[in-house]
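Heads up: the structure comes next, in structure tokens.
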Amino acid sequence: MPSVCFYFQVHQPMRLKPFTFFQVGRDHSYFDEKLNREVMQKVSSKCYIPTNKLMLDLIRRHNGAFRVAYSITGVAIEQMLKYAPEALESFIDLSKTGCVEFLAETYYHSLSSITDPLEFRQQVKMHSALMEKFFGQRPSVFRNTELIYNDQIGDLVAAMGYKAIIAEGADDILQWRSPHFVYRKPGCDLRLLLKSYRLSDDVAFRFSDKSWSEHPLTATKFAKWVHAISGNGETLNLFMDYETFGEHQWSSSGIFEFLNALPSEILKYGDWNFLTPSQVIERYQPVAELNFPRLVSWADVDRDITAWHGNKMQKSSLAQIYSLGKDVRKRNNPSTSDFWRRLQTSDHFYYMCTKWFADGDVHAYFNPYKSPYEAFINYMNVLTDFREYVLGITASDSPTAIPMTIRTSA
Amino acid sequence: MKTLMLGWEYPPHISGGLGTACQGLTTALAKLGVKIDFVIPKVEGDEHAEHMAIIDPASATHLNMPDMNGTQNNHDKQGMLAGPSTTTTVNKTARNIRFVEIPANLYPYAMPNKKYSYVEHFKSISKEIVLPAQITEILERAAEQAPDFPNYNGDLFAEVDRYTKNVIKMAGNSFFDIIHAHDWMTFPAGIALSRLTGVPLVTHVHSLEHDRSGDNVNEHIHIIERSGVENAHTVIAVSYYTRSVINQQHGIPLDKIAVVHNGVYSKEVVQSYKKEKCAKPKIVLFLGRITFQKGPDYFVEAAAKVIPAMPDVTFVMAGTGDMLNPLINRVTDLGLEKHFVFTGFLKGEEVERMFSVADLYVMPSVSEPFGITPLEAMNHDVPVIISKQSGVSEILKNALKIDYWDVDKLAHLIISVLKYPEVREDIATMAREEVRRIRWEAAAEKVFQLYCKILGATAPV
């Protein structure tokens, strides 16, 4: 009895306002309230609210046979509370159906898992408390920022008591194996749920691509591909950004009609069902152990961390923000910590990515900067102000090398 | 396919980007098998003579000779050719380009006279400044090689007339498939020759009077320019920006104007200069004519905002022009003379060296049809800030871009680039790759396709 396991990522960063060098030392408000409000309200009205409404409808229509999971970052929830409370309400409504699971992650959608384990645990705890507060659930399955994962992160997460972690079903890791089974991390009982990237990306990236040979993608066609797995797998993990619905794929592409028709098409084959991640690991036993010797993510074709930690600008700014940890902790001031943590959100570093810049790629999505260089300059001006005028540390003390606690390669 | 190209300058004797562009385009076109007779007002003899054929004015009547015959030239020290029948051919590419000198004294931009050369000004305004050794060396070398372009003191339009008459006299009975005229100076000759021979005319707009003079356009030049684009079979613009200006200024329909972005040739010589960079002070470079078009005043105003925040910066202005004196006064009024170096006109090796010592290159042009210098800077691993009002900004990704009037943003970016070495390094890495993709071969290919289209369309039935 194979299962479809849906997990959707909900995240919006707190984008920085344009911050010139002349503001350093004169201005300690860093975030672009207006832009962040605009983006949150736009995404709420085009994606979160209509998609949640449809999800609620699908759950009711299928009498609880349709189930999904979400991971919603703390910074996204804060912004919903502030700018689009009705979006948060609609997630709370979903949480009451009993068919929706909420996953754990870092509150700030940070890269702390690879740079600062102490900070990482703090942020996961904060997020877990937030999930309990709004959705009445304490998460038991973990999802790391951008699905960044390797064995060391596995140890870190297992030690915190999580039963399972979401990861990318990268080809070089799986080799001949199928992503359609549950795996186990060697050395501890942490289950691995691997994204089936081909079928996930058919929806998330290719759905409205008219040059794709399978365009237009119908629910019937997709269900046929899903059913083809019967006998060769137990769980089909469809993991994607929630903004796929209505934002990455516009409403006019037919994405909502597709989603509306999909559950009944999947359930047509009597033995298929929908499960949430924690139900999947209860239902299916791991078929094998799986090592992740390198850092894997779900980004770009490289499926590594170079989208955030690739060029000199990214490496240096990451090193500099995390090097402030000691000083921030010493202060023990909630507002200072919050500023510091908001500056850790991975998107700030993603905007500095030069890899696909020449091609003008998906990196442009909601990117407030004209170039990765301006993204870096803006970030560094803010960081300089924070370091020198909020924390009172002089620039000469700052590192340029990376104190990575986790090796970035095997 | 044979093209008669009408130009007015060729490296190393150049006053701006036009000569460099003609060199790049003709070299790449020759590789595609296009035979080019290149006419310039004044052949000095050292126009990269190792790979081209040169005919001096006395032999201009030989223009329609079927082919070059490989005779060795032996020009004297002044670079003038020794005899009427002397030609040089070195390689296959070179065989496709011939240089023809037309006697004319043609400098389209008001050129400075010697009193603008850097030395006097440099001494007068910056006695106390201690210059980095690299810059002093460049200045000394530049001083030894006094500007070699003649001052244009006569009537420019009479010179255009003379050039036109000579071109007709020389080429009126020759055979070629296309006349390709570069900028307004050569347009009258191109039009006349095209009418006389029925050969289709391509006018290539590298720069417009509107770009050079803003609202104070010279009406006469404006009219010549207009008749050039009106009488052309096809107009080539060096950017979409220039294409739209031609359309607005001269009412030429957009579909008659093709856009061919310039290319750039990576230079081998660059490597040897790279180690010359000095730690302090940081050097911010302006290099170009010091005229309205290039926005040198915005460079000075931005510097005035940078210095209080970052005192250890030297702003180098390389070039000369009618705004040099007012700008030197402005720098003095601002009390920034310790932070400014005016080098005067630099050429050849000194340009290379100047780029190589710079930490940042700024091109704040008010109106720049293309702007090839940022590409040269990128070739030297120097990050660039360019104005959005430049054609080159249409094709460059790995550059910082500003509106020329946004002095605050310019100052902020100058400080940031100097302050954060990571951004300089990443821009340099990416720009190095990018500049290699901006190839003259691609430009020549487009021009070649245009030629084919024109000849197909105008071929006699």
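Note on naming: chains are A, B, ... as they come in the structure tokens, residues start from 1 per chain, ligands start from 1 in the order shown.
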
Output the contact residues of chain A with respect to chain B at a cut-off of 7 Å, based on only C-alpha atoms, as a ChimeraX atom specification. /A:20-22,311-313,358,373,377

Just the helix (DSSP H, G or I) stuff from segment 223-391 of chain A, please, per backbone DSSP, written as a VMD selection string. chain A and resid 223 to 227 242 to 244 251 to 253 255 to 267 277 to 283 312 to 322 325 to 331 334 to 342 346 to 350 357 to 359 362 to 364 372 to 390

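Between Asn237 of chain A and the residues A:Lys224, A:Lys195, A:Arg61, A:Lys210, the shortest atom-to-atom distance, using only C-alpha atoms, involves A:Lys195.
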
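Straight-line separation from atom CA of Val34 of chain B to atom CA of Val229 of chain B: 23.2 Å.
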
Which value, in Å to one decimal, gives the distance between atom CA of Val157 of chain A and atom CA of Met126 of chain A? 14.7 Å

Contacts of Ile221 of chain B at 10 Å (only C-alpha atoms; same-chain gap of 2+ positions) as a VMD selection string: chain B and resid 108 157 184 to 185 208 to 210 217 to 219 223 to 227

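Using only C-alpha atoms, the residues found no farther than 9 Å from Asn260 of chain A, other than those of its own chain fewer than 3 positions away, are A:Leu54, A:Met55, A:Asp57, A:Leu58, A:Ala219, A:Ile255, A:Phe256, A:Glu257, A:Pro263, A:Ser264.
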
Residue selection dump (C-alpha atoms) as a PDB file, in the first residue's frame:
```
ATOM      1  CA  LEU A  54      -8.189  24.466  -1.459  1.00  0.00           C
ATOM      2  CA  MET A  55      -6.230  22.173   0.904  1.00  0.00           C
ATOM      3  CA  ASP A  57     -11.546  21.709   0.940  1.00  0.00           C
ATOM      4  CA  LEU A  58      -9.594  18.670  -0.302  1.00  0.00           C
ATOM      5  CA  ALA A 219      -3.609  15.352 -12.768  1.00  0.00           C
ATOM      6  CA  ILE A 255      -1.901  24.761 -11.166  1.00  0.00           C
ATOM      7  CA  PHE A 256      -4.897  25.044  -8.838  1.00  0.00           C
ATOM      8  CA  GLU A 257      -7.071  22.868 -11.082  1.00  0.00           C
ATOM      9  CA  PRO A 263      -5.889  13.590  -4.752  1.00  0.00           C
ATOM     10  CA  SER A 264      -8.853  11.793  -6.309  1.00  0.00           C
TER      11      SER A 264
END
```

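Using only C-alpha atoms, the nearest neighbour of Gln41 of chain A within the list A:Asp93, A:Glu282, A:Glu86, A:Asp27 is A:Glu86.
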
Neighbouring residues of Phe66 of chain A were defined as those with any atom within 10 Å, considering only C-alpha atoms; residues of the same chain fewer than 2 positions away were excluded. Please report them as an NGL selection string. :A and (4-6 or 55-56 or 58-64 or 68 or 99-100 or 263-264 or 266-267 or 273-276)

Okay, now the selection with N, CA, C and O atoms, as an mmCIF file, in the first residue's frame?
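Output contents, as saved in again-v6.cif:
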```
data_model
loop_
_atom_site.group_PDB
_atom_site.id
_atom_site.type_symbol
_atom_site.label_atom_id
_atom_site.label_comp_id
_atom_site.auth_asym_id
_atom_site.auth_seq_id
_atom_site.Cartn_x
_atom_site.Cartn_y
_atom_site.Cartn_z
ATOM 1 N N VAL A 4 1.706 8.614 -0.959
ATOM 2 C CA VAL A 4 2.245 9.898 -1.392
ATOM 3 C C VAL A 4 2.432 10.757 -0.152
ATOM 4 O O VAL A 4 1.517 10.868 0.665
ATOM 5 N N CYS A 5 3.628 11.326 -0.008
ATOM 6 C CA CYS A 5 3.908 12.157 1.157
ATOM 7 C C CYS A 5 4.229 13.573 0.668
ATOM 8 O O CYS A 5 5.272 13.804 0.060
ATOM 9 N N PHE A 6 3.306 14.473 0.895
ATOM 10 C CA PHE A 6 3.496 15.866 0.500
ATOM 11 C C PHE A 6 4.103 16.673 1.641
ATOM 12 O O PHE A 6 3.626 16.606 2.774
ATOM 13 N N MET A 55 -6.691 23.322 0.103
ATOM 14 C CA MET A 55 -6.230 22.173 0.904
ATOM 15 C C MET A 55 -7.310 21.763 1.905
ATOM 16 O O MET A 55 -7.599 20.571 2.076
ATOM 17 N N LEU A 56 -7.889 22.761 2.548
ATOM 18 C CA LEU A 56 -8.926 22.487 3.541
ATOM 19 C C LEU A 56 -10.109 21.787 2.871
ATOM 20 O O LEU A 56 -10.659 20.801 3.389
ATOM 21 N N LEU A 58 -9.979 20.020 0.107
ATOM 22 C CA LEU A 58 -9.594 18.670 -0.302
ATOM 23 C C LEU A 58 -9.619 17.701 0.876
ATOM 24 O O LEU A 58 -10.051 16.549 0.746
ATOM 25 N N ILE A 59 -9.159 18.177 2.037
ATOM 26 C CA ILE A 59 -9.152 17.319 3.239
ATOM 27 C C ILE A 59 -10.586 16.926 3.595
ATOM 28 O O ILE A 59 -10.883 15.762 3.872
ATOM 29 N N ARG A 60 -11.480 17.905 3.536
ATOM 30 C CA ARG A 60 -12.885 17.616 3.879
ATOM 31 C C ARG A 60 -13.526 16.716 2.847
ATOM 32 O O ARG A 60 -14.234 15.758 3.174
ATOM 33 N N ARG A 61 -13.235 17.024 1.567
ATOM 34 C CA ARG A 61 -13.858 16.275 0.473
ATOM 35 C C ARG A 61 -13.466 14.796 0.522
ATOM 36 O O ARG A 61 -14.238 13.921 0.206
ATOM 37 N N HIS A 62 -12.213 14.548 0.944
ATOM 38 C CA HIS A 62 -11.731 13.164 0.968
ATOM 39 C C HIS A 62 -11.827 12.553 2.361
ATOM 40 O O HIS A 62 -11.185 11.539 2.639
ATOM 41 N N ASN A 63 -12.607 13.178 3.200
ATOM 42 C CA ASN A 63 -12.851 12.655 4.548
ATOM 43 C C ASN A 63 -11.576 12.270 5.285
ATOM 44 O O ASN A 63 -11.477 11.201 5.881
ATOM 45 N N GLY A 64 -10.568 13.133 5.176
ATOM 46 C CA GLY A 64 -9.332 12.882 5.926
ATOM 47 C C GLY A 64 -8.350 11.965 5.223
ATOM 48 O O GLY A 64 -7.262 11.715 5.733
ATOM 49 N N VAL A 68 -1.252 16.400 4.273
ATOM 50 C CA VAL A 68 -0.049 17.130 3.843
ATOM 51 C C VAL A 68 0.771 17.558 5.059
ATOM 52 O O VAL A 68 0.270 17.535 6.190
ATOM 53 N N CYS A 99 -5.172 16.320 9.804
ATOM 54 C CA CYS A 99 -4.563 15.741 8.601
ATOM 55 C C CYS A 99 -3.309 16.497 8.184
ATOM 56 O O CYS A 99 -2.771 16.264 7.095
ATOM 57 N N VAL A 100 -2.873 17.428 9.009
ATOM 58 C CA VAL A 100 -1.741 18.266 8.635
ATOM 59 C C VAL A 100 -0.655 18.173 9.697
ATOM 60 O O VAL A 100 -0.925 18.357 10.882
ATOM 61 N N PRO A 263 -5.641 14.626 -5.764
ATOM 62 C CA PRO A 263 -5.889 13.590 -4.752
ATOM 63 C C PRO A 263 -6.834 12.496 -5.240
ATOM 64 O O PRO A 263 -6.538 11.304 -5.067
ATOM 65 N N SER A 264 -7.930 12.844 -5.885
ATOM 66 C CA SER A 264 -8.853 11.793 -6.309
ATOM 67 C C SER A 264 -8.237 10.932 -7.396
ATOM 68 O O SER A 264 -8.496 9.720 -7.464
ATOM 69 N N ILE A 266 -5.016 10.206 -7.600
ATOM 70 C CA ILE A 266 -4.070 9.318 -6.907
ATOM 71 C C ILE A 266 -4.834 8.191 -6.199
ATOM 72 O O ILE A 266 -4.441 7.024 -6.257
ATOM 73 N N LEU A 267 -5.940 8.564 -5.528
ATOM 74 C CA LEU A 267 -6.678 7.598 -4.722
ATOM 75 C C LEU A 267 -7.501 6.622 -5.574
ATOM 76 O O LEU A 267 -8.065 5.662 -5.055
ATOM 77 N N ASN A 273 -2.396 5.754 -0.916
ATOM 78 C CA ASN A 273 -2.959 6.690 0.063
ATOM 79 C C ASN A 273 -2.029 7.877 0.269
ATOM 80 O O ASN A 273 -0.967 7.964 -0.347
ATOM 81 N N PHE A 274 -2.430 8.794 1.101
ATOM 82 C CA PHE A 274 -1.599 9.941 1.481
ATOM 83 C C PHE A 274 -1.206 9.807 2.938
ATOM 84 O O PHE A 274 -2.055 9.509 3.780
ATOM 85 N N LEU A 275 0.080 10.034 3.221
ATOM 86 C CA LEU A 275 0.537 10.023 4.606
ATOM 87 C C LEU A 275 1.418 11.244 4.861
ATOM 88 O O LEU A 275 2.045 11.775 3.947
ATOM 89 N N THR A 276 1.491 11.654 6.113
ATOM 90 C CA THR A 276 2.425 12.721 6.488
ATOM 91 C C THR A 276 3.759 12.066 6.863
ATOM 92 O O THR A 276 3.805 10.851 7.118
#
```

Tell me which of A:Ser251, A:Asn52, A:Gln344, A:Asn367 sits closest to Leu94 of chain A, counting only C-alpha atoms. A:Asn52

Phe355 of chain B surroundings by only C-alpha atoms, 8 Å radius, close-in-sequence under 6 positions cut, as a CSV table (one decimal) with N, CA and C atoms, in the first residue's frame:
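Result file is result32.csv:
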```
chain,number,residue,atom,x,y,z
B,285,LEU,N,39.9,55.3,-10.6
B,285,LEU,CA,40.4,55.8,-11.9
B,285,LEU,C,39.2,56.3,-12.8
B,361,TYR,N,37.5,51.2,-11.4
B,361,TYR,CA,37.4,52.1,-12.6
B,361,TYR,C,35.9,52.6,-12.6
B,376,GLU,N,38.1,47.1,-21.0
B,376,GLU,CA,39.6,47.1,-20.9
B,376,GLU,C,40.0,47.0,-19.4
B,377,ALA,N,39.2,47.7,-18.6
B,377,ALA,CA,39.5,47.7,-17.1
B,377,ALA,C,39.3,46.2,-16.6
B,380,HIS,N,41.9,43.9,-17.0
B,380,HIS,CA,43.0,44.1,-16.0
B,380,HIS,C,42.5,43.7,-14.6
B,382,VAL,N,40.1,44.8,-13.0
B,382,VAL,CA,39.7,46.0,-12.2
B,382,VAL,C,38.2,46.0,-12.2
```

Using only C-alpha atoms, determine which residues lie at most 12 Å from Lys326 of chain A, disregarding the query and same-chain residues fewer than 6 positions distant; provide the list as an mmCIF file with C-alpha atoms, in the first residue's frame.
```
data_model
loop_
_atom_site.group_PDB
_atom_site.id
_atom_site.type_symbol
_atom_site.label_atom_id
_atom_site.label_comp_id
_atom_site.auth_asym_id
_atom_site.auth_seq_id
_atom_site.Cartn_x
_atom_site.Cartn_y
_atom_site.Cartn_z
ATOM 1 C CA ASP A 116 27.302 26.978 14.862
ATOM 2 C CA LEU A 118 24.917 25.688 19.690
ATOM 3 C CA GLU A 119 23.053 28.381 17.815
ATOM 4 C CA GLN A 320 31.666 37.300 9.821
ATOM 5 C CA ASN A 332 22.040 38.061 26.546
ATOM 6 C CA SER A 337 19.997 38.284 19.482
ATOM 7 C CA TRP A 340 21.778 38.889 14.766
ATOM 8 C CA LEU A 391 28.065 45.340 19.539
ATOM 9 C CA ILE A 393 33.503 45.486 18.027
#
```

Residues of segment 245-323 of chain A that approach segment 138-147 of chain A to 9 Å or less, counting only C-alpha atoms: could you list each one with the shortest pair of atoms and its distance in Å to one decimal, rows by chain and increasing residue number, as a Markdown table?
```
| residue | atom | partner | partner_atom | distance |
| --- | --- | --- | --- | --- |
| A:Pro277 | CA | A:Val141 | CA | 7.0 |
| A:Ser278 | CA | A:Val141 | CA | 6.5 |
| A:Val296 | CA | A:Leu147 | CA | 7.4 |
| A:Ser297 | CA | A:Leu147 | CA | 4.9 |
| A:Trp298 | CA | A:Leu147 | CA | 5.7 |
| A:Ala299 | CA | A:Glu146 | CA | 7.0 |
| A:Ile305 | CA | A:Glu146 | CA | 8.9 |
```

Let's see if you can do this: from backbone DSSP, list all strand (DSSP E) residues in segment 176-287 of chain B, as a list of chain:residue names. B:Ile178, B:Ile179, B:His180, B:Ala181, B:His182, B:Leu201, B:Val202, B:Thr203, B:His204, B:Val205, B:Thr234, B:Val235, B:Ile236, B:Ala237, B:Ile257, B:Ala258, B:Val259, B:Lys282, B:Ile283, B:Val284, B:Leu285, B:Phe286, B:Leu287

Go through B:Gly214, B:Gly33, B:Gly17, B:Gly198 and flag the residue nearest Phe448 of chain B, using only C-alpha atoms for the distances. B:Gly33
